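Text of start.cif, listed as mmCIF, C-alpha atoms and all ligand atoms:
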data_work
#
loop_
_atom_site.group_PDB
_atom_site.id
_atom_site.type_symbol
_atom_site.label_atom_id
_atom_site.label_comp_id
_atom_site.auth_asym_id
_atom_site.auth_seq_id
_atom_site.Cartn_x
_atom_site.Cartn_y
_atom_site.Cartn_z
ATOM 1 C CA MET E 1 26.169 -16.821 -17.531
ATOM 2 C CA ARG E 2 25.713 -13.236 -16.397
ATOM 3 C CA THR E 3 28.518 -10.835 -17.051
ATOM 4 C CA PRO E 4 29.393 -8.148 -14.481
ATOM 5 C CA ARG E 5 28.222 -5.499 -16.946
ATOM 6 C CA GLU E 6 24.702 -6.916 -17.015
ATOM 7 C CA ALA E 7 22.125 -4.660 -15.355
ATOM 8 C CA PRO E 8 20.980 -5.856 -11.906
ATOM 9 C CA CYS E 9 17.633 -7.622 -11.879
ATOM 10 C CA LEU E 10 14.681 -5.788 -10.354
ATOM 11 C CA THR E 11 12.120 -8.503 -11.122
ATOM 12 C CA VAL E 12 10.235 -9.853 -8.093
ATOM 13 C CA GLU E 13 7.305 -12.170 -7.444
ATOM 14 C CA LEU E 14 4.324 -11.386 -5.255
ATOM 15 C CA ALA E 15 2.773 -14.769 -4.501
ATOM 16 C CA SER E 16 2.330 -16.033 -8.067
ATOM 17 C CA VAL E 17 2.350 -12.604 -9.677
ATOM 18 C CA ARG E 18 5.506 -11.561 -11.510
ATOM 19 C CA LEU E 19 6.390 -7.865 -11.270
ATOM 20 C CA LYS E 20 9.051 -6.135 -13.352
ATOM 21 C CA ASN E 21 10.180 -4.266 -10.239
ATOM 22 C CA PRO E 22 9.155 -3.998 -6.561
ATOM 23 C CA LEU E 23 7.688 -0.492 -6.801
ATOM 24 C CA MET E 24 3.983 0.369 -6.452
ATOM 25 C CA ASN E 25 1.975 3.463 -5.648
ATOM 26 C CA ALA E 26 0.280 3.570 -2.255
ATOM 27 C CA ALA E 27 -3.488 3.086 -2.355
ATOM 28 C CA GLY E 28 -5.307 6.389 -2.662
ATOM 29 C CA ILE E 29 -2.634 8.063 -4.764
ATOM 30 C CA LEU E 30 -4.295 8.665 -8.154
ATOM 31 C CA GLY E 31 -5.705 5.134 -8.688
ATOM 32 C CA LEU E 32 -9.462 5.970 -8.761
ATOM 33 C CA THR E 33 -10.114 5.881 -12.515
ATOM 34 C CA ALA E 34 -8.886 3.776 -15.441
ATOM 35 C CA TYR E 35 -7.048 6.780 -16.823
ATOM 36 C CA SER E 36 -5.175 7.494 -13.581
ATOM 37 C CA LEU E 37 -4.252 3.801 -13.169
ATOM 38 C CA LYS E 38 -2.843 3.873 -16.696
ATOM 39 C CA ARG E 39 -0.810 7.013 -15.870
ATOM 40 C CA LEU E 40 0.673 5.201 -12.871
ATOM 41 C CA ALA E 41 1.469 2.127 -14.967
ATOM 42 C CA ASP E 42 3.164 4.328 -17.567
ATOM 43 C CA ALA E 43 5.408 5.736 -14.836
ATOM 44 C CA GLY E 44 7.135 2.325 -14.789
ATOM 45 C CA LEU E 45 5.677 0.723 -11.671
ATOM 46 C CA GLY E 46 5.851 -3.021 -11.031
ATOM 47 C CA ALA E 47 2.183 -2.952 -9.980
ATOM 48 C CA VAL E 48 -0.421 -0.250 -9.480
ATOM 49 C CA VAL E 49 -2.842 -0.056 -6.564
ATOM 50 C CA THR E 50 -6.348 1.402 -6.753
ATOM 51 C CA LYS E 51 -8.016 3.771 -4.294
ATOM 52 C CA SER E 52 -9.955 1.682 -1.766
ATOM 53 C CA TYR E 53 -13.302 0.621 -3.211
ATOM 54 C CA GLY E 54 -16.326 -0.214 -1.071
ATOM 55 C CA LEU E 55 -19.805 -1.547 -1.644
ATOM 56 C CA LYS E 56 -21.590 1.764 -2.138
ATOM 57 C CA PRO E 57 -20.548 5.165 -3.505
ATOM 58 C CA ARG E 58 -19.203 7.550 -0.861
ATOM 59 C CA ALA E 59 -18.617 11.270 -1.236
ATOM 60 C CA GLY E 60 -15.946 11.299 1.479
ATOM 61 C CA HIS E 61 -15.451 14.015 4.080
ATOM 62 C CA ALA E 62 -16.134 17.721 3.594
ATOM 63 C CA ASN E 63 -13.255 20.067 2.796
ATOM 64 C CA PRO E 64 -10.641 20.757 3.939
ATOM 65 C CA THR E 65 -9.493 17.158 3.596
ATOM 66 C CA ILE E 66 -5.751 17.730 3.238
ATOM 67 C CA VAL E 67 -3.320 19.935 5.097
ATOM 68 C CA GLN E 68 0.434 20.155 4.743
ATOM 69 C CA VAL E 69 2.321 19.808 8.014
ATOM 70 C CA GLU E 70 6.005 19.652 8.934
ATOM 71 C CA GLY E 71 7.402 16.520 7.303
ATOM 72 C CA GLY E 72 4.342 15.443 5.370
ATOM 73 C CA LEU E 73 0.597 15.601 4.879
ATOM 74 C CA LEU E 74 -2.474 15.096 7.004
ATOM 75 C CA ASN E 75 -5.426 13.707 5.059
ATOM 76 C CA SER E 76 -8.988 13.041 5.980
ATOM 77 C CA MET E 77 -10.336 12.081 2.570
ATOM 78 C CA GLY E 78 -12.961 9.840 4.150
ATOM 79 C CA LEU E 79 -12.867 6.985 1.644
ATOM 80 C CA PRO E 80 -14.375 8.768 -1.353
ATOM 81 C CA ASN E 81 -15.049 6.139 -4.013
ATOM 82 C CA PRO E 82 -17.643 5.379 -6.681
ATOM 83 C CA GLY E 83 -18.836 2.072 -5.173
ATOM 84 C CA VAL E 84 -18.150 -1.406 -6.465
ATOM 85 C CA GLU E 85 -20.265 -1.278 -9.632
ATOM 86 C CA ALA E 86 -18.598 1.853 -11.009
ATOM 87 C CA ALA E 87 -15.244 0.526 -9.760
ATOM 88 C CA ALA E 88 -15.777 -2.633 -11.783
ATOM 89 C CA SER E 89 -16.282 -0.691 -15.008
ATOM 90 C CA GLU E 90 -13.181 1.473 -14.339
ATOM 91 C CA LEU E 91 -11.144 -1.653 -13.625
ATOM 92 C CA LYS E 92 -12.413 -3.413 -16.705
ATOM 93 C CA GLU E 93 -11.186 -0.463 -18.761
ATOM 94 C CA ALA E 94 -7.917 -0.207 -16.834
ATOM 95 C CA VAL E 95 -6.882 -3.856 -17.317
ATOM 96 C CA ALA E 96 -7.464 -3.446 -21.034
ATOM 97 C CA MET E 97 -5.213 -0.375 -21.110
ATOM 98 C CA THR E 98 -2.095 -1.838 -19.453
ATOM 99 C CA ASP E 99 -0.171 -5.064 -18.844
ATOM 100 C CA THR E 100 1.002 -3.827 -15.449
ATOM 101 C CA PRO E 101 -0.649 -5.898 -12.693
ATOM 102 C CA ILE E 102 -3.403 -4.016 -10.875
ATOM 103 C CA VAL E 103 -4.000 -4.522 -7.164
ATOM 104 C CA ALA E 104 -7.562 -3.700 -6.099
ATOM 105 C CA SER E 105 -7.740 -2.055 -2.684
ATOM 106 C CA ILE E 106 -11.016 -2.819 -0.925
ATOM 107 C CA PHE E 107 -12.755 -1.802 2.302
ATOM 108 C CA GLY E 108 -15.989 -2.620 4.082
ATOM 109 C CA PHE E 109 -18.057 -1.850 7.155
ATOM 110 C CA LYS E 110 -18.404 -5.533 7.978
ATOM 111 C CA PRO E 111 -16.617 -8.715 6.849
ATOM 112 C CA GLU E 112 -19.432 -9.588 4.401
ATOM 113 C CA ASP E 113 -18.929 -6.253 2.572
ATOM 114 C CA PHE E 114 -15.344 -7.206 1.827
ATOM 115 C CA GLU E 115 -16.482 -10.545 0.449
ATOM 116 C CA VAL E 116 -19.113 -8.988 -1.836
ATOM 117 C CA VAL E 117 -16.679 -6.371 -3.187
ATOM 118 C CA ALA E 118 -13.911 -8.934 -3.745
ATOM 119 C CA LYS E 119 -16.338 -11.310 -5.464
ATOM 120 C CA ARG E 120 -17.570 -8.580 -7.820
ATOM 121 C CA LEU E 121 -14.023 -7.594 -8.813
ATOM 122 C CA ASP E 122 -12.525 -11.099 -8.881
ATOM 123 C CA SER E 123 -13.704 -11.952 -12.392
ATOM 124 C CA LEU E 124 -11.867 -8.906 -13.766
ATOM 125 C CA LYS E 125 -8.190 -9.298 -14.461
ATOM 126 C CA VAL E 126 -7.031 -7.758 -11.196
ATOM 127 C CA ALA E 127 -3.821 -9.394 -9.981
ATOM 128 C CA ALA E 128 -4.415 -9.243 -6.210
ATOM 129 C CA PHE E 129 -6.478 -7.631 -3.474
ATOM 130 C CA GLU E 130 -5.195 -5.236 -0.843
ATOM 131 C CA VAL E 131 -7.540 -5.341 2.112
ATOM 132 C CA ASN E 132 -7.722 -1.964 3.830
ATOM 133 C CA VAL E 133 -8.411 -2.476 7.520
ATOM 134 C CA SER E 134 -6.396 0.507 8.664
ATOM 135 C CA CYS E 135 -7.919 3.845 7.655
ATOM 136 C CA PRO E 136 -7.337 5.841 10.849
ATOM 137 C CA HIS E 137 -10.177 8.363 10.652
ATOM 138 C CA VAL E 138 -13.347 6.823 9.194
ATOM 139 C CA LYS E 139 -15.479 5.247 11.898
ATOM 140 C CA GLU E 140 -16.313 1.501 11.790
ATOM 141 C CA VAL E 141 -14.559 0.729 8.575
ATOM 142 C CA GLY E 142 -10.849 0.959 9.079
ATOM 143 C CA VAL E 143 -8.747 0.725 12.121
ATOM 144 C CA GLU E 144 -11.608 -0.643 14.264
ATOM 145 C CA ILE E 145 -11.055 -3.837 12.250
ATOM 146 C CA GLY E 146 -7.281 -3.550 11.978
ATOM 147 C CA GLN E 147 -6.850 -3.137 15.731
ATOM 148 C CA LYS E 148 -8.618 -6.400 16.583
ATOM 149 C CA LYS E 149 -7.007 -9.701 15.647
ATOM 150 C CA GLU E 150 -10.290 -11.575 15.480
ATOM 151 C CA ALA E 151 -12.012 -8.991 13.277
ATOM 152 C CA LEU E 152 -9.012 -8.818 10.968
ATOM 153 C CA ALA E 153 -8.863 -12.605 10.646
ATOM 154 C CA GLU E 154 -12.580 -12.750 9.881
ATOM 155 C CA VAL E 155 -12.203 -10.216 7.055
ATOM 156 C CA VAL E 156 -9.328 -12.161 5.485
ATOM 157 C CA LYS E 157 -11.338 -15.398 5.661
ATOM 158 C CA GLN E 158 -14.326 -13.735 4.008
ATOM 159 C CA VAL E 159 -12.191 -12.317 1.210
ATOM 160 C CA ARG E 160 -10.671 -15.758 0.710
ATOM 161 C CA ARG E 161 -14.183 -17.112 0.080
ATOM 162 C CA ALA E 162 -14.442 -14.685 -2.830
ATOM 163 C CA THR E 163 -11.046 -15.123 -4.460
ATOM 164 C CA LYS E 164 -8.071 -17.377 -4.989
ATOM 165 C CA LYS E 165 -5.922 -14.362 -5.862
ATOM 166 C CA PRO E 166 -3.269 -13.089 -3.455
ATOM 167 C CA ILE E 167 -4.621 -11.197 -0.449
ATOM 168 C CA ILE E 168 -2.514 -8.383 0.970
ATOM 169 C CA VAL E 169 -3.525 -6.896 4.318
ATOM 170 C CA LYS E 170 -2.705 -3.231 4.842
ATOM 171 C CA LEU E 171 -1.715 -2.861 8.479
ATOM 172 C CA SER E 172 -2.240 0.045 10.840
ATOM 173 C CA PRO E 173 0.582 1.552 12.882
ATOM 174 C CA ASN E 174 -2.057 2.722 15.373
ATOM 175 C CA VAL E 175 -1.801 -0.472 17.434
ATOM 176 C CA ALA E 176 0.242 -1.662 20.406
ATOM 177 C CA GLN E 177 1.741 -4.660 18.563
ATOM 178 C CA ILE E 178 1.744 -4.566 14.776
ATOM 179 C CA THR E 179 3.332 -8.036 14.733
ATOM 180 C CA GLU E 180 0.237 -9.528 16.391
ATOM 181 C CA MET E 181 -2.016 -8.120 13.663
ATOM 182 C CA ALA E 182 0.351 -9.351 10.954
ATOM 183 C CA LYS E 183 0.369 -12.842 12.453
ATOM 184 C CA ALA E 184 -3.433 -12.839 12.454
ATOM 185 C CA ALA E 185 -3.360 -11.875 8.763
ATOM 186 C CA GLN E 186 -0.826 -14.573 7.949
ATOM 187 C CA ASP E 187 -2.605 -17.271 9.963
ATOM 188 C CA SER E 188 -5.917 -16.555 8.279
ATOM 189 C CA GLY E 189 -4.445 -16.956 4.813
ATOM 190 C CA ALA E 190 -3.064 -13.604 3.621
ATOM 191 C CA GLU E 191 -0.154 -13.843 1.162
ATOM 192 C CA ALA E 192 1.440 -10.507 2.138
ATOM 193 C CA VAL E 193 1.088 -7.457 4.357
ATOM 194 C CA THR E 194 1.554 -3.768 3.617
ATOM 195 C CA ALA E 195 3.157 -1.788 6.428
ATOM 196 C CA ILE E 196 2.026 0.884 7.141
ATOM 197 C CA ASN E 197 -1.107 2.971 6.637
ATOM 198 C CA THR E 198 -1.112 6.535 8.009
ATOM 199 C CA LEU E 199 -0.881 7.550 11.666
ATOM 200 C CA LYS E 200 -3.906 9.113 13.335
ATOM 201 C CA ALA E 201 -3.097 12.805 13.821
ATOM 202 C CA MET E 202 -4.550 16.315 13.810
ATOM 203 C CA ALA E 203 -3.728 19.999 13.354
ATOM 204 C CA ILE E 204 -5.351 23.103 14.870
ATOM 205 C CA ASP E 205 -5.629 26.587 13.359
ATOM 206 C CA ILE E 206 -4.370 28.901 16.123
ATOM 207 C CA GLU E 207 -6.246 31.915 14.700
ATOM 208 C CA THR E 208 -9.673 30.298 14.918
ATOM 209 C CA GLY E 209 -8.859 27.723 17.569
ATOM 210 C CA ALA E 210 -10.587 25.059 15.455
ATOM 211 C CA PRO E 211 -9.249 21.798 14.062
ATOM 212 C CA ILE E 212 -8.127 22.406 10.460
ATOM 213 C CA LEU E 213 -9.535 19.229 8.912
ATOM 214 C CA ALA E 214 -13.312 19.147 8.610
ATOM 215 C CA GLY E 215 -13.095 15.528 9.753
ATOM 216 C CA VAL E 216 -11.013 16.731 12.783
ATOM 217 C CA PHE E 217 -8.664 13.730 12.702
ATOM 218 C CA GLY E 218 -6.612 12.632 9.741
ATOM 219 C CA GLY E 219 -3.833 10.299 8.705
ATOM 220 C CA LEU E 220 -0.242 11.543 8.804
ATOM 221 C CA SER E 221 1.934 10.445 5.883
ATOM 222 C CA GLY E 222 5.282 11.426 4.377
ATOM 223 C CA PRO E 223 8.868 11.654 5.645
ATOM 224 C CA ALA E 224 7.673 12.341 9.217
ATOM 225 C CA ILE E 225 6.451 8.748 9.557
ATOM 226 C CA LYS E 226 9.324 7.001 7.773
ATOM 227 C CA PRO E 227 11.303 5.912 10.859
ATOM 228 C CA ILE E 228 8.110 4.458 12.360
ATOM 229 C CA ALA E 229 7.376 2.550 9.153
ATOM 230 C CA VAL E 230 10.947 1.239 8.974
ATOM 231 C CA ARG E 231 10.676 0.062 12.586
ATOM 232 C CA CYS E 232 7.396 -1.713 11.803
ATOM 233 C CA VAL E 233 8.877 -3.466 8.754
ATOM 234 C CA TYR E 234 11.944 -4.475 10.786
ATOM 235 C CA GLU E 235 9.797 -5.970 13.566
ATOM 236 C CA LEU E 236 7.519 -7.738 11.089
ATOM 237 C CA PHE E 237 10.423 -9.307 9.200
ATOM 238 C CA LYS E 238 11.478 -11.092 12.388
ATOM 239 C CA GLU E 239 8.000 -12.385 13.188
ATOM 240 C CA ILE E 240 6.212 -13.334 9.964
ATOM 241 C CA GLN E 241 7.038 -15.508 6.995
ATOM 242 C CA ILE E 242 4.915 -13.812 4.330
ATOM 243 C CA PRO E 243 6.407 -10.901 2.336
ATOM 244 C CA ILE E 244 6.139 -7.297 3.450
ATOM 245 C CA ILE E 245 5.292 -4.311 1.269
ATOM 246 C CA GLY E 246 7.000 -1.311 2.869
ATOM 247 C CA CYS E 247 5.049 1.957 2.822
ATOM 248 C CA GLY E 248 5.388 5.197 4.766
ATOM 249 C CA GLY E 249 7.436 8.208 3.751
ATOM 250 C CA ILE E 250 9.450 6.647 0.923
ATOM 251 C CA SER E 251 10.609 9.657 -1.098
ATOM 252 C CA ASN E 252 13.826 8.589 -2.841
ATOM 253 C CA TRP E 253 15.972 5.565 -3.676
ATOM 254 C CA GLU E 254 17.861 5.781 -0.394
ATOM 255 C CA ASP E 255 14.565 5.325 1.469
ATOM 256 C CA ALA E 256 13.742 2.394 -0.818
ATOM 257 C CA VAL E 257 17.041 0.677 0.038
ATOM 258 C CA GLU E 258 16.480 1.309 3.752
ATOM 259 C CA PHE E 259 13.003 -0.266 3.692
ATOM 260 C CA MET E 260 14.311 -3.306 1.826
ATOM 261 C CA MET E 261 17.159 -3.723 4.295
ATOM 262 C CA ALA E 262 14.592 -3.600 7.098
ATOM 263 C CA GLY E 263 12.756 -6.468 5.420
ATOM 264 C CA ALA E 264 10.445 -5.138 2.723
ATOM 265 C CA SER E 265 10.294 -7.155 -0.511
ATOM 266 C CA PHE E 266 8.111 -4.517 -2.205
ATOM 267 C CA LEU E 267 7.636 -0.779 -1.804
ATOM 268 C CA GLN E 268 4.752 1.660 -2.040
ATOM 269 C CA VAL E 269 5.142 5.392 -2.564
ATOM 270 C CA GLY E 270 2.348 7.822 -1.759
ATOM 271 C CA THR E 271 2.959 11.312 -0.425
ATOM 272 C CA ALA E 272 6.159 11.806 -2.446
ATOM 273 C CA VAL E 273 4.015 11.691 -5.601
ATOM 274 C CA MET E 274 2.163 14.773 -4.301
ATOM 275 C CA PHE E 275 5.431 16.627 -3.662
ATOM 276 C CA LYS E 276 7.513 15.384 -6.604
ATOM 277 C CA ASP E 277 5.038 14.188 -9.250
ATOM 278 C CA LEU E 278 5.122 10.810 -11.019
ATOM 279 C CA ALA E 279 8.792 11.353 -11.876
ATOM 280 C CA VAL E 280 9.605 10.123 -8.364
ATOM 281 C CA PHE E 281 9.060 6.505 -9.451
ATOM 282 C CA GLY E 282 11.623 6.663 -12.267
ATOM 283 C CA GLU E 283 14.103 8.380 -9.934
ATOM 284 C CA ILE E 284 13.719 5.631 -7.323
ATOM 285 C CA LEU E 285 14.100 2.814 -9.870
ATOM 286 C CA HIS E 286 17.132 4.452 -11.435
ATOM 287 C CA GLY E 287 18.789 5.002 -8.050
ATOM 288 C CA LEU E 288 18.005 1.461 -6.926
ATOM 289 C CA ARG E 289 19.594 0.003 -10.056
ATOM 290 C CA ASP E 290 22.724 2.165 -9.678
ATOM 291 C CA TYR E 291 23.041 1.219 -6.018
ATOM 292 C CA LEU E 292 22.828 -2.510 -6.768
ATOM 293 C CA LYS E 293 25.427 -2.109 -9.494
ATOM 294 C CA LYS E 294 27.751 -0.147 -7.210
ATOM 295 C CA LYS E 295 27.441 -2.810 -4.511
ATOM 296 C CA GLY E 296 27.948 -5.673 -6.976
ATOM 297 C CA LEU E 297 24.506 -7.151 -6.273
ATOM 298 C CA ARG E 298 22.695 -9.040 -9.006
ATOM 299 C CA SER E 299 19.157 -8.848 -7.739
ATOM 300 C CA VAL E 300 17.110 -6.427 -5.695
ATOM 301 C CA GLU E 301 16.033 -9.433 -3.623
ATOM 302 C CA GLU E 302 19.526 -9.567 -2.126
ATOM 303 C CA LEU E 303 18.745 -6.383 -0.196
ATOM 304 C CA VAL E 304 15.727 -7.785 1.634
ATOM 305 C CA GLY E 305 16.370 -8.106 5.363
ATOM 306 C CA ARG E 306 20.078 -7.174 5.181
ATOM 307 C CA ALA E 307 19.779 -5.119 8.366
ATOM 308 C CA HIS E 308 19.032 -8.236 10.412
HETATM 309 O O1 LIG X 1 -9.652 7.843 2.288
HETATM 310 C C1 LIG X 1 -8.986 8.135 3.305
HETATM 311 O O2 LIG X 1 -9.297 9.081 4.026
HETATM 312 C C2 LIG X 1 -7.823 7.336 3.727
HETATM 313 C C3 LIG X 1 -7.760 5.965 3.703
HETATM 314 BR BR1 LIG X 1 -9.085 4.931 2.978
HETATM 315 C C4 LIG X 1 -6.644 5.279 4.257
HETATM 316 O O3 LIG X 1 -6.546 4.049 4.286
HETATM 317 N N1 LIG X 1 -5.666 6.033 4.796
HETATM 318 C C5 LIG X 1 -5.704 7.369 4.801
HETATM 319 O O4 LIG X 1 -4.768 8.007 5.311
HETATM 320 N N2 LIG X 1 -6.790 8.020 4.267
#
Could you express the structure from this file as structure tokens?
Ligand code: RRO
Amino acid sequence: MRTPREAPCLTVELASVRLKNPLMNAAGILGLTAYSLKRLADAGLGAVVTKSYGLKPRAGHANPTIVQVEGGLLNSMGLPNPGVEAAASELKEAVAMTDTPIVASIFGFKPEDFEVVAKRLDSLKVAAFEVNVSCPHVKEVGVEIGQKKEALAEVVKQVRRATKKPIIVKLSPNVAQITEMAKAAQDSGAEAVTAINTLKAMAIDIETGAPILAGVFGGLSGPAIKPIAVRCVYELFKEIQIPIIGCGGISNWEDAVEFMMAGASFLQVGTAVMFKDLAVFGEILHGLRDYLKKKGLRSVEELVGRAH
């Protein structure tokens, strides 16, 4: 029997993977090397997510790749990553350094790329794959897939050929109907979706008259996109049966509660790490626990979908 003084339970399950709490970092935040994955794990996360890895090494876009704007950040990193072989050796080291489940984020230029990358990483002790089909500013590899139901479904099916581990599809907000893309992910076998990746955006330097980012367009993240992300999660909760990982402008425990009430079972934090450091994760977990206690709730799962 639980006593009222017992701490509320933050434990959750993602497909068959048990997490000590629902909090993760967003892909692309630290997560490129074994050492940075370990730093994220040590911050107390339920799971850590890698930077998106592709088949071949990529330098990414030229500088400037990040600019601060009102309410958040614009990035045009351009998928810098060491390629799947180097990724495999980083991941091998990372899984040996921590017990925290590691989610490998992967991308590709065509469905077969995703399969090859997933197959290469599957034998390592990664817990799940997050399939990135939603980068808003790298041609051919991101949102071109995530905006077409058929292409998205094909990618999920190819990844499924490579792994039995949970497949999470990271959805783009740069679509007319995010629910249609989520249904395509669910129907082709994904175990969860992440909502949302960044919004395609840009900024112009009024002294020079030129776009600030070398890549011209970038992805907007941070508090500015939070209401859009909450709306997406809310819509998805009504339409799909697989769990939702909420992502987009979560900066504090109040945001975490709001996303869960909209329908998120898990949460990812990205831009807030840039503004507040890794301490943001502990603050969110602490606040979440206190909130559950104050409301007399036993489990964080009781929050999911409350706004419906
Ligand atoms: O690397 C990037 O430029 C990037 C990626 Br892969 C993504 O999915 N979302 C984003 O805002 N930037």
Environment of ligand LIG 1 (chain X) within 6 Å, counting only C-alpha atoms and all ligand atoms, reported as a PyMOL selection string: chain E and resi 52+75-79+134-135+197-198+219
Explicit residue set for the PyMOL selection byres (((chain E and resi 223) around 6) and not hetatm), as a list in words: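 Selected by the PyMOL selection byres (((chain E and resi 223) around 6) and not hetatm) in this file: Gly71, Gly72, Gly222, Ala224, Ile225, Lys226 and Gly249 of chain E.
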Polymer residues at most 10 Å from stretch 290-297 of chain E, only C-alpha atoms, same-chain spacing of 3 or more positions, as a list in words: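 That gives Pro4, Arg5, Glu6, Ala7, Pro8, Cys9, Leu10, Trp253, Glu254, Val257, Ile284, Leu285, His286, Gly287, Val300, Glu301, Glu302 and Leu303 of chain E.
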Nearest candidate to E:Val126 (options E:Lys110, E:Lys164, E:His61, E:Lys157; using all atoms listed in the file): E:Lys164
Counting all atoms listed in the file, the residue of E:Ser188, E:Ser123, E:Asn25, E:Asn132 that sits nearest E:Ile106: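 Using all atoms listed in the file, E:Ile106 sits closest to E:Asn132.
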Could all heavy atoms be built for stretch 270-276 of chain E and written out as a PDB file, in the frame of the given file?
ATOM      1  N   GLY E 270       3.587   7.054  -1.733  1.00  0.00           N
ATOM      2  CA  GLY E 270       2.348   7.822  -1.759  1.00  0.00           C
ATOM      3  C   GLY E 270       2.596   9.319  -1.764  1.00  0.00           C
ATOM      4  O   GLY E 270       2.590   9.968  -2.810  1.00  0.00           O
ATOM      5  N   THR E 271       2.866   9.860  -0.585  1.00  0.00           N
ATOM      6  CA  THR E 271       2.959  11.312  -0.425  1.00  0.00           C
ATOM      7  C   THR E 271       4.007  11.946  -1.338  1.00  0.00           C
ATOM      8  O   THR E 271       3.809  13.068  -1.821  1.00  0.00           O
ATOM      9  CB  THR E 271       3.250  11.626   1.063  1.00  0.00           C
ATOM     10  OG1 THR E 271       2.182  11.045   1.828  1.00  0.00           O
ATOM     11  CG2 THR E 271       3.297  13.107   1.343  1.00  0.00           C
ATOM     12  N   ALA E 272       5.090  11.241  -1.590  1.00  0.00           N
ATOM     13  CA  ALA E 272       6.159  11.806  -2.446  1.00  0.00           C
ATOM     14  C   ALA E 272       5.633  12.117  -3.847  1.00  0.00           C
ATOM     15  O   ALA E 272       6.164  12.999  -4.520  1.00  0.00           O
ATOM     16  CB  ALA E 272       7.347  10.856  -2.519  1.00  0.00           C
ATOM     17  N   VAL E 273       4.592  11.408  -4.274  1.00  0.00           N
ATOM     18  CA  VAL E 273       4.015  11.691  -5.601  1.00  0.00           C
ATOM     19  C   VAL E 273       3.371  13.087  -5.586  1.00  0.00           C
ATOM     20  O   VAL E 273       3.424  13.822  -6.564  1.00  0.00           O
ATOM     21  CB  VAL E 273       2.976  10.612  -6.003  1.00  0.00           C
ATOM     22  CG1 VAL E 273       2.384  10.907  -7.376  1.00  0.00           C
ATOM     23  CG2 VAL E 273       3.604   9.232  -5.975  1.00  0.00           C
ATOM     24  N   MET E 274       2.786  13.438  -4.432  1.00  0.00           N
ATOM     25  CA  MET E 274       2.163  14.773  -4.301  1.00  0.00           C
ATOM     26  C   MET E 274       3.235  15.866  -4.348  1.00  0.00           C
ATOM     27  O   MET E 274       3.013  16.938  -4.903  1.00  0.00           O
ATOM     28  CB  MET E 274       1.416  14.905  -2.966  1.00  0.00           C
ATOM     29  CG  MET E 274       0.467  13.784  -2.672  1.00  0.00           C
ATOM     30  SD  MET E 274      -0.911  13.790  -3.809  1.00  0.00           S
ATOM     31  CE  MET E 274      -2.248  13.423  -2.713  1.00  0.00           C
ATOM     32  N   PHE E 275       4.380  15.599  -3.734  1.00  0.00           N
ATOM     33  CA  PHE E 275       5.431  16.627  -3.662  1.00  0.00           C
ATOM     34  C   PHE E 275       6.314  16.659  -4.915  1.00  0.00           C
ATOM     35  O   PHE E 275       6.824  17.703  -5.280  1.00  0.00           O
ATOM     36  CB  PHE E 275       6.305  16.413  -2.423  1.00  0.00           C
ATOM     37  CG  PHE E 275       5.593  16.743  -1.128  1.00  0.00           C
ATOM     38  CD1 PHE E 275       5.472  15.810  -0.106  1.00  0.00           C
ATOM     39  CD2 PHE E 275       5.034  18.008  -0.936  1.00  0.00           C
ATOM     40  CE1 PHE E 275       4.814  16.117   1.079  1.00  0.00           C
ATOM     41  CE2 PHE E 275       4.385  18.329   0.250  1.00  0.00           C
ATOM     42  CZ  PHE E 275       4.271  17.384   1.260  1.00  0.00           C
ATOM     43  N   LYS E 276       6.524  15.451  -5.512  1.00  0.00           N
ATOM     44  CA  LYS E 276       7.513  15.384  -6.604  1.00  0.00           C
ATOM     45  C   LYS E 276       6.933  14.990  -7.945  1.00  0.00           C
ATOM     46  O   LYS E 276       7.671  14.884  -8.912  1.00  0.00           O
ATOM     47  CB  LYS E 276       8.570  14.334  -6.260  1.00  0.00           C
ATOM     48  CG  LYS E 276       9.508  14.689  -5.135  1.00  0.00           C
ATOM     49  CD  LYS E 276      10.550  13.578  -5.054  1.00  0.00           C
ATOM     50  CE  LYS E 276      11.723  13.921  -4.200  1.00  0.00           C
ATOM     51  NZ  LYS E 276      12.711  12.823  -4.184  1.00  0.00           N
TER      52      LYS E 276
END
